[in-house]
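Student: Below is final-v7.txt; it holds compact mmCIF, C-alpha atoms and all ligand atoms.
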```
# COMPACT_ATOMS: atom_id res chain seq x y z
CA MET T 1 83.86 111.66 80.13
CA ASN T 2 84.26 110.16 83.54
CA THR T 3 84.36 113.02 86.04
CA GLU T 4 86.61 111.14 88.47
CA ARG T 5 89.13 110.70 85.68
CA SER T 6 89.05 114.32 84.67
CA SER T 7 89.20 115.51 88.27
CA GLY T 8 92.32 113.41 88.76
CA THR T 9 91.17 111.26 91.65
CA ALA T 10 93.14 108.03 91.79
CA LEU T 11 91.46 106.55 94.83
CA GLN T 12 88.31 107.40 96.73
CA LEU T 13 87.24 105.51 99.85
CA THR T 14 83.95 106.59 101.39
CA GLY T 15 82.78 105.27 104.74
CA VAL T 16 84.64 102.02 104.19
CA THR T 17 84.43 99.32 106.86
CA LYS T 18 85.56 95.72 106.93
CA SER T 19 84.68 93.17 109.58
CA PHE T 20 85.70 89.55 109.81
CA ARG T 21 83.77 86.85 111.60
CA VAL T 22 86.10 84.75 113.75
CA GLY T 23 84.11 82.07 115.58
CA THR T 24 81.53 83.95 117.60
CA GLU T 25 83.45 87.23 117.45
CA THR T 26 83.51 89.99 114.87
CA VAL T 27 86.88 91.64 114.25
CA ARG T 28 86.37 95.19 113.02
CA ALA T 29 89.58 95.50 111.00
CA VAL T 30 88.61 98.74 109.23
CA ARG T 31 86.21 101.04 111.00
CA GLY T 32 84.94 103.73 108.65
CA ILE T 33 87.61 105.23 106.42
CA ASP T 34 87.22 108.28 104.16
CA LEU T 35 90.25 108.81 101.98
CA SER T 36 90.84 110.63 98.73
CA ILE T 37 94.13 110.30 96.85
CA GLN T 38 94.90 112.36 93.76
CA ARG T 39 96.80 111.15 90.71
CA GLY T 40 100.55 111.46 91.01
CA GLU T 41 100.54 111.45 94.81
CA ILE T 42 102.97 109.26 96.73
CA VAL T 43 101.23 108.23 99.92
CA ALA T 44 102.55 106.17 102.82
CA LEU T 45 100.05 104.20 104.82
CA LEU T 46 101.72 104.01 108.18
CA GLY T 47 100.63 101.93 111.14
CA ALA T 48 101.62 99.29 113.63
CA ASN T 49 100.84 95.58 113.24
CA GLY T 50 97.12 95.01 112.94
CA ALA T 51 96.27 98.66 112.19
CA GLY T 52 94.24 97.68 109.15
CA LYS T 53 96.67 98.62 106.37
CA THR T 54 96.65 95.31 104.50
CA THR T 55 92.88 94.96 104.80
CA THR T 56 92.46 98.44 103.33
CA LEU T 57 94.83 97.72 100.46
CA ASP T 58 93.13 94.36 99.81
CA MET T 59 89.86 96.23 99.31
CA VAL T 60 91.54 98.71 96.98
CA LEU T 61 92.85 95.75 94.97
CA GLY T 62 89.43 94.12 94.84
CA LEU T 63 90.71 91.09 96.74
CA THR T 64 88.01 91.43 99.36
CA PRO T 65 84.82 93.51 99.29
CA PRO T 66 84.15 96.13 101.98
CA THR T 67 81.52 95.25 104.57
CA SER T 68 80.07 98.70 103.97
CA GLY T 69 81.04 101.88 102.16
CA GLU T 70 82.41 102.44 98.68
CA VAL T 71 85.80 101.93 97.04
CA ARG T 72 86.47 103.73 93.73
CA VAL T 73 89.75 103.18 91.92
CA LEU T 74 90.65 105.46 88.98
CA GLY T 75 86.98 106.30 88.61
CA ASP T 76 85.96 102.66 88.42
CA THR T 77 85.34 99.66 90.65
CA ALA T 78 88.45 98.01 92.07
CA GLU T 79 87.70 94.81 90.11
CA HIS T 80 87.53 96.65 86.77
CA ALA T 81 90.66 98.68 87.48
CA VAL T 82 92.60 95.49 88.28
CA ALA T 83 91.22 93.60 85.28
CA GLY T 84 92.25 96.47 83.01
CA GLY T 85 95.81 96.42 84.39
CA ARG T 86 95.39 100.02 85.57
CA ILE T 87 96.29 99.15 89.14
CA SER T 88 98.80 96.58 90.27
CA ALA T 89 100.43 95.50 93.46
CA VAL T 90 103.61 94.35 95.12
CA LEU T 91 102.41 92.24 98.01
CA GLN T 92 104.43 90.93 100.93
CA THR T 93 104.53 87.26 100.08
CA GLY T 94 103.57 84.66 97.53
CA GLY T 95 102.87 85.08 93.85
CA LEU T 96 106.16 83.63 92.58
CA LEU T 97 106.95 80.24 91.09
CA ARG T 98 110.10 79.04 92.78
CA ASP T 99 111.22 76.73 89.96
CA LEU T 100 111.33 79.41 87.27
CA LYS T 101 114.24 81.71 86.53
CA VAL T 102 113.82 85.43 87.14
CA GLY T 103 113.86 86.32 83.43
CA GLU T 104 111.43 83.50 82.59
CA THR T 105 109.06 84.74 85.27
CA VAL T 106 108.95 88.25 83.84
CA LYS T 107 108.42 86.87 80.30
CA LEU T 108 105.68 84.50 81.45
CA ILE T 109 103.70 87.14 83.29
CA ALA T 110 104.18 89.61 80.42
CA SER T 111 102.60 87.06 78.06
CA THR T 112 99.40 87.15 80.12
CA TYR T 113 98.85 90.84 79.28
CA ARG T 114 97.53 91.98 75.91
CA HIS T 115 99.58 95.17 76.22
CA HIS T 116 102.70 95.21 78.32
CA LEU T 117 105.98 97.02 78.65
CA ASP T 118 109.03 95.61 76.92
CA VAL T 119 110.43 92.83 79.11
CA ASP T 120 114.07 93.92 78.73
CA GLU T 121 113.09 97.46 79.61
CA VAL T 122 111.37 96.29 82.81
CA MET T 123 114.36 94.11 83.73
CA ARG T 124 116.65 97.09 83.25
CA ARG T 125 114.47 99.52 85.18
CA THR T 126 114.23 97.23 88.16
CA GLY T 127 117.90 96.22 88.14
CA LEU T 128 117.11 92.57 87.45
CA GLU T 129 119.29 92.10 84.36
CA ARG T 130 122.13 90.42 86.23
CA LEU T 131 119.67 88.09 87.96
CA ALA T 132 117.87 87.01 84.77
CA ASN T 133 119.22 83.45 84.88
CA ARG T 134 118.89 82.88 88.60
CA MET T 135 116.22 80.52 89.93
CA VAL T 136 113.56 82.35 91.92
CA SER T 137 114.13 79.90 94.80
CA LYS T 138 117.77 81.04 94.98
CA CYS T 139 116.94 84.75 95.18
CA SER T 140 117.09 86.56 98.49
CA GLY T 141 113.94 88.03 100.03
CA GLY T 142 114.92 91.47 98.76
CA GLU T 143 115.59 90.17 95.23
CA GLN T 144 112.23 88.41 95.19
CA GLN T 145 110.59 91.70 96.18
CA ARG T 146 112.35 93.41 93.30
CA LEU T 147 110.98 90.71 90.98
CA ARG T 148 107.44 91.27 92.29
CA PHE T 149 107.99 94.95 91.64
CA ALA T 150 109.06 94.22 88.04
CA LEU T 151 105.94 92.11 87.51
CA SER T 152 103.76 94.88 88.86
CA LEU T 153 105.20 97.34 86.31
CA LEU T 154 104.53 95.18 83.24
CA SER T 155 101.01 96.45 82.67
CA GLU T 156 102.18 100.06 83.07
CA PRO T 157 99.75 100.63 85.90
CA GLU T 158 98.51 104.11 86.72
CA LEU T 159 98.26 103.19 90.39
CA LEU T 160 100.83 101.08 92.16
CA ILE T 161 100.09 99.52 95.54
CA LEU T 162 102.97 98.25 97.65
CA ASP T 163 102.40 96.40 100.89
CA GLU T 164 105.58 96.65 102.94
CA PRO T 165 107.68 96.42 99.79
CA THR T 166 111.06 96.47 101.51
CA ALA T 167 110.31 93.82 104.13
CA GLY T 168 113.32 91.53 104.27
CA MET T 169 115.67 93.95 102.49
CA ASP T 170 118.87 95.20 104.04
CA VAL T 171 119.70 98.91 104.13
CA ASN T 172 121.42 98.97 100.72
CA ALA T 173 118.72 96.97 98.96
CA ARG T 174 116.13 99.24 100.52
CA ARG T 175 117.89 102.36 99.28
CA GLU T 176 118.24 100.91 95.80
CA PHE T 177 114.60 99.91 95.74
CA TRP T 178 113.39 103.37 96.69
CA GLY T 179 115.70 104.91 94.13
CA THR T 180 113.93 102.91 91.42
CA MET T 181 110.53 103.77 92.88
CA ARG T 182 111.36 107.45 92.84
CA LYS T 183 111.98 107.26 89.10
CA GLU T 184 108.62 105.56 88.63
CA ALA T 185 106.97 108.31 90.62
CA LEU T 186 108.56 110.91 88.39
CA GLU T 187 106.81 109.25 85.46
CA GLY T 188 103.56 110.35 87.10
CA ARG T 189 102.48 107.07 88.64
CA THR T 190 100.36 107.21 91.78
CA ILE T 191 102.03 105.18 94.50
CA ILE T 192 100.50 103.99 97.76
CA PHE T 193 102.67 101.96 100.08
CA ALA T 194 102.12 100.44 103.48
CA THR T 195 104.99 100.49 105.90
CA HIS T 196 105.92 100.14 109.55
CA TYR T 197 108.97 102.28 108.99
CA LEU T 198 108.58 105.94 109.81
CA GLN T 199 111.83 106.73 108.13
CA GLU T 200 110.69 105.16 104.90
CA ALA T 201 107.45 107.14 104.95
CA ASP T 202 109.38 110.27 105.81
CA GLU T 203 111.97 109.87 103.06
CA PHE T 204 109.78 108.72 100.25
CA ALA T 205 106.17 109.85 100.68
CA GLN T 206 104.72 113.30 100.12
CA ARG T 207 101.80 112.46 102.31
CA ILE T 208 101.43 110.20 105.32
CA VAL T 209 98.17 108.55 106.29
CA MET T 210 98.51 107.05 109.75
CA MET T 211 96.23 104.17 110.69
CA ALA T 212 95.53 102.70 114.10
CA GLY T 213 92.81 100.30 115.17
CA GLY T 214 91.16 100.38 111.76
CA GLU T 215 90.87 104.16 111.65
CA ILE T 216 92.80 107.01 110.10
CA VAL T 217 94.32 108.89 113.03
CA ALA T 218 96.39 111.43 111.09
CA ASP T 219 96.60 112.46 107.47
CA GLY T 220 98.89 115.16 106.23
CA SER T 221 101.94 116.19 104.32
CA VAL T 222 105.23 114.99 105.68
CA SER T 223 105.83 118.48 107.06
CA GLU T 224 102.43 118.51 108.79
CA ILE T 225 103.14 115.19 110.42
CA ARG T 226 106.56 116.52 111.36
CA ALA T 227 104.80 119.47 113.01
CA LEU T 228 102.88 116.99 115.13
CA ALA T 229 106.26 115.69 116.14
CA GLY T 230 107.36 119.24 116.90
CA ARG T 231 105.74 118.97 120.30
CA LYS T 232 108.07 118.88 123.25
CA HIS T 233 108.19 116.71 126.30
CA VAL T 234 108.47 118.72 129.49
CA SER T 235 109.24 116.79 132.63
CA ALA T 236 109.62 117.99 136.19
CA ARG T 237 109.98 116.69 139.70
CA TRP T 238 106.58 117.33 141.24
CA ALA T 239 105.93 114.73 143.90
CA ASP T 240 102.72 116.07 145.37
CA ALA T 241 100.91 117.00 142.13
CA ARG T 242 97.19 116.32 142.27
CA ASP T 243 95.26 115.25 139.17
CA GLU T 244 93.32 118.51 138.96
CA GLU T 245 96.59 120.48 139.14
CA LEU T 246 98.08 118.38 136.34
CA ALA T 247 95.08 119.16 134.16
CA ARG T 248 95.61 122.93 134.57
CA VAL T 249 99.23 123.15 133.39
CA ALA T 250 99.59 125.82 130.69
CA GLY T 251 100.53 124.63 127.20
CA ALA T 252 100.44 120.96 128.22
CA GLU T 253 98.28 118.73 126.05
CA ARG T 254 98.45 115.64 128.19
CA VAL T 255 100.39 113.85 130.88
CA LEU T 256 102.60 111.35 129.10
CA ARG T 257 103.74 109.50 132.18
CA ARG T 258 104.15 109.72 135.91
CA THR T 259 107.02 107.75 137.32
CA GLY T 260 108.14 108.17 140.91
CA GLU T 261 108.32 111.88 141.63
CA ARG T 262 108.58 112.90 137.98
CA VAL T 263 105.74 113.95 135.74
CA THR T 264 106.19 114.26 131.98
CA PHE T 265 103.87 116.39 129.85
CA GLU T 266 103.48 116.57 126.11
CA SER T 267 103.38 120.25 125.33
CA GLY T 268 102.57 122.33 122.27
CA ASP T 269 104.10 125.38 123.97
CA ALA T 270 107.05 124.23 126.05
CA ASP T 271 107.95 127.77 127.16
CA ALA T 272 104.46 128.34 128.59
CA THR T 273 104.51 124.95 130.30
CA ALA T 274 107.94 125.57 131.81
CA ARG T 275 107.00 129.07 133.01
CA TYR T 276 103.79 127.81 134.58
CA LEU T 277 105.46 124.89 136.33
CA LEU T 278 108.21 127.06 137.80
CA THR T 279 106.05 130.00 138.86
CA GLU T 280 102.66 128.51 139.72
CA THR T 281 103.54 125.13 141.20
CA THR T 282 106.09 123.44 143.44
CA ALA T 283 107.61 121.61 140.46
CA SER T 284 111.42 121.71 140.07
CA ASP T 285 114.29 120.17 138.13
CA LEU T 286 112.79 120.75 134.67
CA GLU T 287 113.86 118.93 131.53
CA ILE T 288 112.65 119.76 128.03
CA VAL T 289 113.23 117.45 125.08
CA ALA T 290 111.87 117.53 121.52
CA ALA T 291 109.41 114.76 120.78
CA SER T 292 110.56 112.70 117.83
CA LEU T 293 108.56 111.53 114.85
CA ASP T 294 108.52 108.19 116.63
CA ASP T 295 106.84 109.83 119.62
CA ALA T 296 104.15 111.34 117.40
CA PHE T 297 103.65 107.95 115.82
CA SER T 298 103.40 106.20 119.19
CA ALA T 299 101.02 108.82 120.54
CA LEU T 300 98.74 108.55 117.53
CA THR T 301 98.84 104.79 117.27
CA SER T 302 98.90 103.79 120.92
CA THR T 303 97.89 100.25 121.85
CA ASP T 304 94.48 101.23 123.21
CA ARG T 305 93.55 101.61 119.56
CA THR T 306 93.90 97.93 118.61
CA PRO T 307 90.85 96.66 116.72
CA ALA T 308 87.71 96.24 118.74
CA THR T 309 86.09 92.87 118.80
CA THR T 310 82.41 92.57 119.50
CA LYS T 311 80.46 89.51 120.45
P1 LIG T 401 100.58 94.31 109.59
O1 LIG T 401 101.42 95.53 109.63
O2 LIG T 401 100.88 93.37 110.69
O3 LIG T 401 100.54 93.66 108.24
P2 LIG T 401 98.02 95.60 109.10
O4 LIG T 401 97.99 97.03 109.51
O5 LIG T 401 98.23 95.33 107.68
O6 LIG T 401 99.08 94.83 109.97
P3 LIG T 401 95.65 93.99 108.86
O7 LIG T 401 96.38 92.81 108.33
O8 LIG T 401 94.82 94.77 107.94
O9 LIG T 401 96.65 94.98 109.61
O10 LIG T 401 94.75 93.47 110.09
C1 LIG T 401 93.85 94.30 110.80
C2 LIG T 401 93.13 93.45 111.84
O11 LIG T 401 92.20 92.59 111.18
C3 LIG T 401 94.04 92.57 112.65
O12 LIG T 401 93.56 92.53 113.97
C4 LIG T 401 93.90 91.21 111.98
O13 LIG T 401 94.11 90.16 112.91
C5 LIG T 401 92.48 91.24 111.50
N1 LIG T 401 92.29 90.43 110.28
C6 LIG T 401 92.84 90.67 109.07
N2 LIG T 401 92.44 89.73 108.18
C7 LIG T 401 91.62 88.90 108.83
C8 LIG T 401 90.88 87.72 108.47
N3 LIG T 401 90.91 87.24 107.23
N4 LIG T 401 90.14 87.12 109.42
C9 LIG T 401 90.10 87.61 110.68
N5 LIG T 401 90.76 88.71 111.10
C10 LIG T 401 91.52 89.34 110.20
```
Once more with this new file: its structure as structure tokens, please.
Tutor:
Amino acid sequence: MNTERSSGTALQLTGVTKSFRVGTETVRAVRGIDLSIQRGEIVALLGANGAGKTTTLDMVLGLTPPTSGEVRVLGDTAEHAVAGGRISAVLQTGGLLRDLKVGETVKLIASTYRHHLDVDEVMRRTGLERLANRMVSKCSGGEQQRLRFALSLLSEPELLILDEPTAGMDVNARREFWGTMRKEALEGRTIIFATHYLQEADEFAQRIVMMAGGEIVADGSVSEIRALAGRKHVSARWADARDEELARVAGAERVLRRTGERVTFESGDADATARYLLTETTASDLEIVAASLDDAFSALTSTDRTPATTK
């Protein structure tokens, strides 16, 4: 028996890199990723534009080979897992024939699989019944995403990959979509989705893998990532602060910004930082605010982490 199957590993990336040649430059889109995802996990791949999310998912789907490292999907190569219908994807664009009706599309794609779920059942589960007779070209962006989702379910995949699945959906469509996804997750499917939206990752995923500049910069349960966000911002008026004094401030992890007379620190122990500033320095006029999840995200994925290019 395949040990990766019995050990329940859905996805294993080991030392994975991907570089693209663009003219005389090499874009290092993915720069050495180690990632292990267990069956039944719901994982959000979170990152800003260009972080390397799509490139990573493309390798998982066997659409492009890694430059180095190894990708194992459900104990097999990505190509075999895709060919066997064990992994499927909802990608951002493309893949639909505009001149077919929604129902016809689902039937057509179903006919390409030897074993597939009942078409009516898939239409019902994805809320497409009332759209069955609508031309794909007349469907909204959100409805087309729902159709891609239906197609991805036909082969009853064990692992579902979604690349920004709710792009183009309004708030209601987004909520409805995630409601359906939640039910799929309860069936024991492993779900990995890429998103820009913190809130989406927060609400739906059990685990968040944050990417920036082709690397994984944070990986943890939603509560662990929230703890990162539990840091506070402590700011004070401290006009004459010297760099070496700033570096000594108790509890402060870094100087977030220095504007005019004010200095703002990110602090893991706001009480210690405040006490130090008020008793050991000339700082005054303190303000303490909780850093948000957005702050944690910005700190971890700051722009100096955009992909390196080498000549
Ligand atoms: P987005 O959220 O915008 O979709 P992403 O996190 O999915 O971003 P990728 O699409 O994986 O990021 O891109 C990572 C980096 O690799 C970017 O700098 C991108 O320009 C570059 N890149 C991706 N595909 C190619 C390609 N085929 N040729 C050259 N560069 C590429």
Student: Have a look at T:Ser284, T:Gln206, T:Thr279, T:Ser223 and name the one nearest to T:Ala44; count all atoms listed in the file.
Tutor: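 Checking each of T:Ser284, T:Gln206, T:Thr279, T:Ser223 against T:Ala44, counting all atoms listed in the file, the winner is T:Gln206.
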Student: Please extract the residues at most 9 Å from ligand LIG 401 (chain T), counting only C-alpha atoms and all ligand atoms, and provide them as a ChimeraX atom specification, using the chain letters and residue numbers of this document.
Tutor: /T:18-22,26-30,45-58,92,163-164,194-196,211-214,306-309
Student: Record the distance separating atom CA of T:His115 and atom CA of T:Gly85, expressed in Å with one decimal.
Tutor: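 Atom CA of T:His115 sits 9.1 Å away from atom CA of T:Gly85.
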Student: At what distance in Å, to one decimal, does atom CA of T:Thr126 lie from atom CA of T:Lys138?
Tutor: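 Separation between atom CA of T:Lys138 and atom CA of T:Thr126: 17.9 Å.
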Student: Can you pull out every residue within 12 Å of T:Thr281, counting only C-alpha atoms, but drop anything in the same chain fewer than 4 positions away, and send it as a PyMOL selection string?
Tutor: chain T and resi 236-242+245-246+248-250+273-277
